[in-house]
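**Q** So that we are looking at the same thing, I have put the structure below in structure tokens.
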Amino acid sequence: MDFQHRAGGKTGTGGQASWSESNQDRRERLRQLAKETIDLQKDPYFMRNHLGSYECKLCLTLHNNEGSYLAHTQGKKHQSNLARRAAKEAKDSPQQPAPEKARIEPKKFVKIGRPGYRVTKQKDPMTGQQSLLFQIDYPEIVDGIQPRHRFMSAYEQRIEPPDKKWQYLLFAAEPYETIAYKVPSREVDKNETKFWTHWNKDTKQFFLQCAFKHENLRSMGRMGPPPGGMRGPMPPPPPPPM
């Protein structure tokens, strides 16, 4: 048989597939795709009747096997009915407000005043490094609470006009008022031997030591006293807490 001049045909190949063959191939591909993505056991519109065939309760169509039903679910009719049903349900059901997140109310304590304190100026005799030792007394601290601290820049506080030469060291523990010390705005040495805290649960005392990095030591990149001894006076003692 001569295939050379047959419409849609090429020498050495079969003839062009008919419309029914193309449609059958398309439905088979849709069925294979649906089998991979759809679980019929969870499909609310899939039903098997008493005759052994399958029905689509949404589109009211009858199918001889599961493959035919799966191919139907990928068709335009079924998809249009799904969209129409979803729009109807969204319109009929009242809009539910989003559930509110559980709010955690902060614990409130009656403030009993400021704690007792002691500040000691220190100076390392080997390096000339200056440091401050804070001792805060909390005899009436709430059980289970440990004192906290943090540094605050001069631009965060609202008590005094900001001055970049100073920073503030805050201590807080319930039910005492938060107190703050005004200290020089110099870089703090974070070395474990230079900066440390300790909370004594027995005596209810909180200790904090902070040492300031020496400008000359940072520029020289070595430890040791600068030539000629200390330059500049010791920082003034911190004023009483705010």
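Residues in the structure tokens are named by chain (A, B, ... in the order shown) and by number from 1 within that chain; ligands are numbered from 1 in the order shown.
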Find the residues near A:Met47: any atom within 10 Å, counting only C-alpha atoms, skip ones fewer than 4 places away on the same chain, and give them as a count of residues only.
**A** 11
**Q** For the structure I just gave you, how does DSSP split stretch 52-95 of chain A - specifically, which residues are helix (DSSP H, G or I)? Reply as a VMD selection string.
**A** chain A and resid 66 to 73 76 to 92
**Q** To one decimal place, how far is atom CA of A:Thr197 from atom CA of A:Gly128 in Å?
**A** 21.6 Å
**Q** Select, from A:Gly75, A:Pro147, A:Pro44, A:Pro184, the residue with the minimum atom-to-atom distance to A:His198, counting only C-alpha atoms.
**A**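 Nearest to A:His198: A:Pro147.
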**Q** Tell me which of A:Ser185, A:Ser20, A:Thr193, A:Asn81 sits closest to A:Leu208, counting only C-alpha atoms.
**A**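 Counting only C-alpha atoms, the residue closest to A:Leu208 is A:Thr193.
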**Q** Just how far from atom CA of A:Asp189 is atom CA of A:Trp166, in Å to one decimal?
**A**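 Here the two named atoms are 16.3 Å from each other.
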**Q** I'd like to know which residues of stretch 13-148 of chain A are strand (DSSP E or B) (by DSSP, run on the backbone); could you write them as a list of chain:residue names?
**A**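 Here are the strand (DSSP E or B) residues of stretch 13-148 of chain A: A:Phe46, A:Met47, A:Arg48, A:Tyr54, A:Glu55, A:Cys56, A:Thr61, A:Leu62, A:His63, A:Gly116, A:Tyr117, A:Arg118, A:Val119, A:Thr120, A:Lys121, A:Gln122, A:Lys123, A:Gln130, A:Ser131, A:Leu132, A:Leu133, A:Phe134, A:Gln135, A:Ile136, A:Asp137, A:Arg148.
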**Q** Would you save the residues from that selection as an mmCIF file, in the first residue's frame, using N, CA and C atoms?
**A**
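Below is the file out.cif, written as the result:
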```
data_model
loop_
_atom_site.group_PDB
_atom_site.id
_atom_site.type_symbol
_atom_site.label_atom_id
_atom_site.label_comp_id
_atom_site.auth_asym_id
_atom_site.auth_seq_id
_atom_site.Cartn_x
_atom_site.Cartn_y
_atom_site.Cartn_z
ATOM 1 N N PHE A 46 -17.671 10.333 44.484
ATOM 2 C CA PHE A 46 -17.512 9.021 43.869
ATOM 3 C C PHE A 46 -18.445 8.033 44.563
ATOM 4 N N MET A 47 -19.265 7.302 43.757
ATOM 5 C CA MET A 47 -20.213 6.357 44.324
ATOM 6 C C MET A 47 -20.362 5.152 43.388
ATOM 7 N N ARG A 48 -20.420 3.992 44.007
ATOM 8 C CA ARG A 48 -20.663 2.763 43.237
ATOM 9 C C ARG A 48 -22.103 2.331 43.486
ATOM 10 N N TYR A 54 -20.189 3.005 38.248
ATOM 11 C CA TYR A 54 -19.792 4.121 39.098
ATOM 12 C C TYR A 54 -20.502 5.396 38.667
ATOM 13 N N GLU A 55 -20.819 6.242 39.640
ATOM 14 C CA GLU A 55 -21.532 7.478 39.380
ATOM 15 C C GLU A 55 -20.775 8.655 39.977
ATOM 16 N N CYS A 56 -20.934 9.795 39.329
ATOM 17 C CA CYS A 56 -20.423 11.056 39.855
ATOM 18 C C CYS A 56 -21.615 11.815 40.425
ATOM 19 N N THR A 61 -23.274 11.710 36.349
ATOM 20 C CA THR A 61 -22.851 10.935 35.182
ATOM 21 C C THR A 61 -22.586 9.497 35.607
ATOM 22 N N LEU A 62 -22.692 8.551 34.653
ATOM 23 C CA LEU A 62 -22.511 7.126 34.904
ATOM 24 C C LEU A 62 -21.251 6.644 34.203
ATOM 25 N N HIS A 63 -20.462 5.791 34.895
ATOM 26 C CA HIS A 63 -19.183 5.332 34.349
ATOM 27 C C HIS A 63 -19.061 3.832 34.569
ATOM 28 N N GLY A 116 18.978 48.055 97.684
ATOM 29 C CA GLY A 116 20.244 48.592 98.153
ATOM 30 C C GLY A 116 21.350 48.262 97.164
ATOM 31 N N TYR A 117 22.414 49.068 97.177
ATOM 32 C CA TYR A 117 23.466 48.870 96.184
ATOM 33 C C TYR A 117 24.807 49.342 96.732
ATOM 34 N N ARG A 118 25.850 48.865 96.060
ATOM 35 C CA ARG A 118 27.206 49.305 96.352
ATOM 36 C C ARG A 118 27.997 49.223 95.055
ATOM 37 N N VAL A 119 28.752 50.265 94.745
ATOM 38 C CA VAL A 119 29.552 50.318 93.524
ATOM 39 C C VAL A 119 31.014 50.528 93.912
ATOM 40 N N THR A 120 31.880 49.675 93.381
ATOM 41 C CA THR A 120 33.312 49.757 93.685
ATOM 42 C C THR A 120 34.095 49.983 92.404
ATOM 43 N N LYS A 121 34.948 51.047 92.405
ATOM 44 C CA LYS A 121 35.835 51.291 91.273
ATOM 45 C C LYS A 121 37.085 50.443 91.434
ATOM 46 N N GLN A 122 37.523 49.826 90.325
ATOM 47 C CA GLN A 122 38.677 48.940 90.358
ATOM 48 C C GLN A 122 39.646 49.309 89.240
ATOM 49 N N LYS A 123 40.914 48.932 89.444
ATOM 50 C CA LYS A 123 41.953 49.191 88.450
ATOM 51 C C LYS A 123 42.969 48.060 88.506
ATOM 52 N N GLN A 130 40.515 49.730 83.773
ATOM 53 C CA GLN A 130 39.543 50.194 84.750
ATOM 54 C C GLN A 130 38.278 49.344 84.665
ATOM 55 N N SER A 131 37.663 49.124 85.834
ATOM 56 C CA SER A 131 36.446 48.321 85.873
ATOM 57 C C SER A 131 35.577 48.793 87.024
ATOM 58 N N LEU A 132 34.324 48.361 87.001
ATOM 59 C CA LEU A 132 33.355 48.683 88.043
ATOM 60 C C LEU A 132 32.719 47.396 88.542
ATOM 61 N N LEU A 133 32.562 47.299 89.860
ATOM 62 C CA LEU A 133 31.923 46.137 90.469
ATOM 63 C C LEU A 133 30.633 46.613 91.138
ATOM 64 N N PHE A 134 29.507 46.036 90.690
ATOM 65 C CA PHE A 134 28.194 46.410 91.222
ATOM 66 C C PHE A 134 27.695 45.290 92.128
ATOM 67 N N GLN A 135 27.165 45.689 93.275
ATOM 68 C CA GLN A 135 26.527 44.752 94.201
ATOM 69 C C GLN A 135 25.129 45.285 94.508
ATOM 70 N N ILE A 136 24.098 44.530 94.092
ATOM 71 C CA ILE A 136 22.711 44.947 94.275
ATOM 72 C C ILE A 136 22.048 43.964 95.230
ATOM 73 N N ASP A 137 21.385 44.501 96.251
ATOM 74 C CA ASP A 137 20.731 43.657 97.257
ATOM 75 C C ASP A 137 19.235 43.565 96.959
ATOM 76 N N ARG A 148 18.005 40.729 86.292
ATOM 77 C CA ARG A 148 18.441 40.906 84.899
ATOM 78 C C ARG A 148 19.156 42.246 84.764
#
```
